[in-house]
>>> print(open('model06.pdb').read())   # PDB, C-alpha atoms
ATOM      1  CA  MET A   1    -173.623  68.983 120.367
ATOM      2  CA  ASP A   2    -173.281  72.553 121.627
ATOM      3  CA  LYS A   3    -169.956  73.564 123.201
ATOM      4  CA  PRO A   4    -169.901  74.293 126.939
ATOM      5  CA  MET A   5    -169.931  78.034 127.751
ATOM      6  CA  TRP A   6    -166.276  78.002 128.831
ATOM      7  CA  LEU A   7    -165.175  76.765 125.369
ATOM      8  CA  LYS A   8    -167.148  79.294 123.328
ATOM      9  CA  ARG A   9    -165.372  82.333 121.923
ATOM     10  CA  GLU A  10    -167.485  84.792 123.881
ATOM     11  CA  ALA A  11    -166.731  87.439 126.422
ATOM     12  CA  MET A  12    -168.940  88.639 129.231
ATOM     13  CA  THR A  13    -170.033  92.198 128.586
ATOM     14  CA  ARG A  14    -171.795  94.588 130.937
ATOM     15  CA  CYS A  15    -174.391  96.987 129.546
ATOM     16  CA  GLY A  16    -173.390 100.578 130.229
ATOM     17  CA  HIS A  17    -177.038 101.545 130.606
ATOM     18  CA  CYS A  18    -178.593  98.957 132.933
ATOM     19  CA  GLY A  19    -175.552  96.933 134.091
ATOM     20  CA  GLU A  20    -176.826  93.581 132.787
ATOM     21  CA  ARG A  21    -174.028  91.074 132.120
ATOM     22  CA  GLN A  22    -174.312  88.901 129.036
ATOM     23  CA  PRO A  23    -172.069  86.896 126.718
ATOM     24  CA  VAL A  24    -171.261  88.471 123.347
ATOM     25  CA  ALA A  25    -169.252  86.778 120.598
ATOM     26  CA  ILE A  26    -165.655  87.995 120.318
ATOM     27  CA  ALA A  27    -166.114  88.575 116.574
ATOM     28  CA  ALA A  28    -169.194  90.783 117.099
ATOM     29  CA  VAL A  29    -168.864  94.501 116.425
ATOM     30  CA  GLY A  30    -172.067  95.328 118.274
ATOM     31  CA  TYR A  31    -174.848  93.878 120.368
ATOM     32  CA  GLN A  32    -178.227  94.667 121.852
ATOM     33  CA  CYS A  33    -178.634  94.386 125.619
ATOM     34  CA  ARG A  34    -181.030  91.570 126.406
ATOM     35  CA  ALA A  35    -182.412  93.422 129.441
ATOM     36  CA  CYS A  36    -182.940  97.020 128.289
ATOM     37  CA  ALA A  37    -182.647  96.631 124.478
ATOM     38  CA  THR A  38    -179.978  99.362 124.234
ATOM     39  CA  ASP A  39    -177.877  98.964 121.092
ATOM     40  CA  TRP A  40    -174.082  99.120 121.483
ATOM     41  CA  ARG A  41    -171.117  99.114 119.091
ATOM     42  CA  TRP A  42    -167.475  98.424 119.792
ATOM     43  CA  ALA A  43    -165.091 101.111 118.676
ATOM     44  CA  VAL A  44    -161.330 101.534 118.660
ATOM     45  CA  CYS A  45    -159.981 104.943 119.607
ATOM     46  CA  GLY A  46    -157.921 106.385 116.771
ATOM     47  CA  ASN A  47    -155.656 108.123 119.280
ATOM     48  CA  CYS A  48    -154.842 105.599 122.040
ATOM     49  CA  GLU A  49    -156.342 102.423 120.472
ATOM     50  CA  LEU A  50    -158.590 101.627 123.431
ATOM     51  CA  VAL A  51    -161.380  99.197 122.541
ATOM     52  CA  GLN A  52    -164.633 100.345 124.135
ATOM     53  CA  VAL A  53    -168.375 100.309 123.570
ATOM     54  CA  ALA A  54    -170.486 103.273 122.531
ATOM     55  CA  ARG A  55    -174.215 103.669 122.088
ATOM     56  CA  GLU A  56    -175.207 102.960 118.528
ATOM     57  CA  GLU A  57    -177.379 106.070 118.192
ATOM     58  CA  LEU A  58    -174.436 108.436 118.761
ATOM     59  CA  GLU A  59    -172.802 110.285 115.871
ATOM     60  CA  ALA A  60    -169.584 110.699 117.892
ATOM     61  CA  PHE A  61    -168.310 109.685 121.320
ATOM     62  CA  VAL A  62    -165.440 110.490 123.670
ATOM     63  CA  CYS A  63    -162.693 107.959 124.408
ATOM     64  CA  ALA A  64    -162.773 106.849 128.036
ATOM     65  CA  ARG A  65    -158.956 106.858 128.294
ATOM     66  CA  CYS A  66    -157.606 109.834 126.317
ATOM     67  CA  HIS A  67    -160.838 111.866 125.947
ATOM     68  CA  ALA A  68    -160.400 112.247 122.183
ATOM     69  CA  VAL A  69    -163.633 112.731 120.254
ATOM     70  CA  GLN A  70    -164.253 109.842 117.860
ATOM     71  CA  VAL A  71    -166.644 109.702 114.907
ATOM     72  CA  ALA A  72    -169.062 106.767 115.076
ATOM     73  CA  TRP A  73    -167.529 104.478 112.441
ATOM     74  CA  TRP A  74    -170.817 102.604 111.949
ATOM     75  CA  LYS A  75    -172.388 105.777 110.567
ATOM     76  CA  THR A  76    -169.710 106.358 107.928
ATOM     77  CA  ARG A  77    -169.676 105.129 104.344
ATOM     78  CA  HIS A  78    -166.619 102.968 105.130
ATOM     79  CA  SER A  79    -168.381 101.096 107.918
ATOM     80  CA  GLU A  80    -168.051  97.623 106.350
ATOM     81  CA  SER A  81    -164.259  97.793 106.092
ATOM     82  CA  ILE A  82    -163.937  99.359 109.544
ATOM     83  CA  ALA A  83    -166.139  96.636 111.066
ATOM     84  CA  GLY A  84    -163.527  94.050 110.063
ATOM     85  CA  MET A  85    -160.766  96.054 111.724
ATOM     86  CA  VAL A  86    -162.815  96.462 114.927
ATOM     87  CA  SER A  87    -163.570  92.740 115.017
ATOM     88  CA  GLU A  88    -159.891  91.877 114.524
ATOM     89  CA  ARG A  89    -158.875  94.273 117.290
ATOM     90  CA  ARG A  90    -161.383  92.682 119.669
ATOM     91  CA  ARG A  91    -159.880  89.261 118.877
ATOM     92  CA  GLU A  92    -156.377  90.608 119.582
ATOM     93  CA  ASP A  93    -157.500  92.107 122.902
ATOM     94  CA  ASP A  94    -159.176  88.845 123.893
ATOM     95  CA  ALA A  95    -156.027  86.865 123.038
ATOM     96  CA  ARG A  96    -153.899  89.291 125.082
ATOM     97  CA  ARG A  97    -156.251  89.004 128.077
ATOM     98  CA  ARG A  98    -156.124  85.203 127.853
ATOM     99  CA  ARG A  99    -152.298  85.239 127.766
ATOM    100  CA  VAL A 100    -152.161  87.493 130.825
ATOM    101  CA  ARG A 101    -154.695  85.312 132.655
ATOM    102  CA  ARG A 102    -152.697  82.147 131.843
ATOM    103  CA  ALA A 103    -149.495  83.810 133.070
ATOM    104  CA  TRP A 104    -151.112  84.767 136.389
ATOM    105  CA  VAL A 105    -152.514  81.252 136.806
ATOM    106  CA  ALA A 106    -149.040  79.817 136.164
ATOM    107  CA  VAL A 107    -147.462  82.177 138.713
ATOM    108  CA  GLY A 108    -150.161  81.304 141.248
ATOM    109  CA  GLY A 109    -149.622  77.584 140.643
ATOM    110  CA  LEU A 110    -145.879  77.991 141.063
ATOM    111  CA  LEU A 111    -146.311  79.907 144.330
ATOM    112  CA  LEU A 112    -148.761  77.313 145.647
ATOM    113  CA  GLY A 113    -146.356  74.525 144.697
ATOM    114  CA  LEU A 114    -143.474  76.261 146.456
ATOM    115  CA  ALA A 115    -145.608  76.799 149.564
ATOM    116  CA  LEU A 116    -146.589  73.120 149.634
ATOM    117  CA  LEU A 117    -142.970  72.103 149.096
ATOM    118  CA  GLY A 118    -141.934  74.344 151.985
ATOM    119  CA  LEU A 119    -144.557  72.764 154.244
ATOM    120  CA  TRP A 120    -143.489  69.287 153.231
ATOM    121  CA  LEU A 121    -139.817  70.093 153.838
ATOM    122  CA  ALA A 122    -140.670  71.634 157.195
ATOM    123  CA  PHE A 123    -142.525  68.480 158.196
ATOM    124  CA  VAL A 124    -139.905  66.022 156.906
ATOM    125  CA  GLY A 125    -136.979  68.058 158.176
ATOM    126  CA  SER A 126    -138.342  68.619 161.705
ATOM    127  CA  PRO A 127    -136.424  66.885 164.559
ATOM    128  CA  GLY A 128    -139.479  65.052 165.881
ATOM    129  CA  ALA A 129    -140.593  63.698 162.539
ATOM    130  CA  PRO A 130    -140.752  59.931 162.201
ATOM    131  CA  GLY A 131    -138.371  58.422 159.759
TER     132      GLY A 131
END
>>> encode(input="model06.pdb", output="structure tokens")
Amino acid sequence: MDKPMWLKREAMTRCGHCGERQPVAIAAVGYQCRACATDWRWAVCGNCELVQVAREELEAFVCARCHAVQVAWWKTRHSESIAGMVSERRREDDARRRRVRRAWVAVGGLLLGLALLGLWLAFVGSPGAPG
């Protein structure tokens, strides 16, 4: 039986060309947009380590964060070994995002619980409350 979408190791990705959102496996180092057929590759900036996508046809691209020019790793002779590093970095980024999301959900749950406790105490502790 196929896993439900929320259990699959995929991330939603938005095409930089047409804006189409689609799931792409976390281990993937590239994908083709299902709407416009643009080919994309993930790349890690050698300067600031930002993980971003770049069009596959490019020979080089500019980092969105630090503006350093990066050589398109997929067009080098070391592309197979670099692909493994890019895939691992994407997994690390996904794990970090999941940890942050879980932390925010826990904080939100704690705040909601405290608010409900405060309401309950206000009701129970009020002078006109039955009891």
>>> atom_distance(input="model06.pdb", atom1="CA of Glu88 in chain A", atom2="CA of Ala27 in chain A")
7.3 Å
>>> atom_distance(input="model06.pdb", atom1="CA of Val71 in chain A", atom2="CA of Ala25 in chain A")
23.8 Å
>>> residues_around(input="model06.pdb", residues="Cys45 in chain A", least_positions_apart="5", cutoff="10 Å", atoms="all atoms listed in the file", output="number ranges by chain")
A: 50-52, 61-71
>>> atom_distance(input="model06.pdb", atom1="CA of Arg97 in chain A", atom2="CA of Ser79 in chain A")
26.5 Å
>>> closest_residue(input="model06.pdb", among="A:Gly118, A:Asp94, A:Glu56, A:Ala103", to="Met12 in chain A", atoms="all atoms listed in the file")
A:Asp94
>>> closest_residue(input="model06.pdb", among="A:Thr76, A:Gln32, A:Thr13, A:Thr38", to="Ala60 in chain A", atoms="all atoms listed in the file")
A:Thr76
>>> resolve_selection(input="model06.pdb", expression="the PyMOL selection byres ((chain A and resi 19) around 12)", output="ChimeraX atom specification")
/A:12-18,20-22,33-38
>>> resolve_selection(input="model06.pdb", expression="the PyMOL selection byres ((chain A and resi 84) around 12)", output="list in words")
Ala27, Ala28, Val29, Gly30, Trp42, Ala43, Val44, Trp73, Trp74, His78, Ser79, Glu80, Ser81, Ile82, Ala83, Met85, Val86, Ser87, Glu88, Arg89, Arg90 and Arg91 of chain A
>>> axis_aligned_box(input="model06.pdb", around="range 22-25 of chain A", padding_each_side="5 Å", output="JSON")
{"center_x": -171.8, "center_y": 87.8, "center_z": 124.8, "size_x": 15.1, "size_y": 12.1, "size_z": 18.4}
>>> residues_near_point(input="model06.pdb", point="(-172.0, 84.0, 119.1)", cutoff="10 Å", atoms="all atoms listed in the file", output="VMD selection string")
chain A and resid 8 to 11 23 to 28
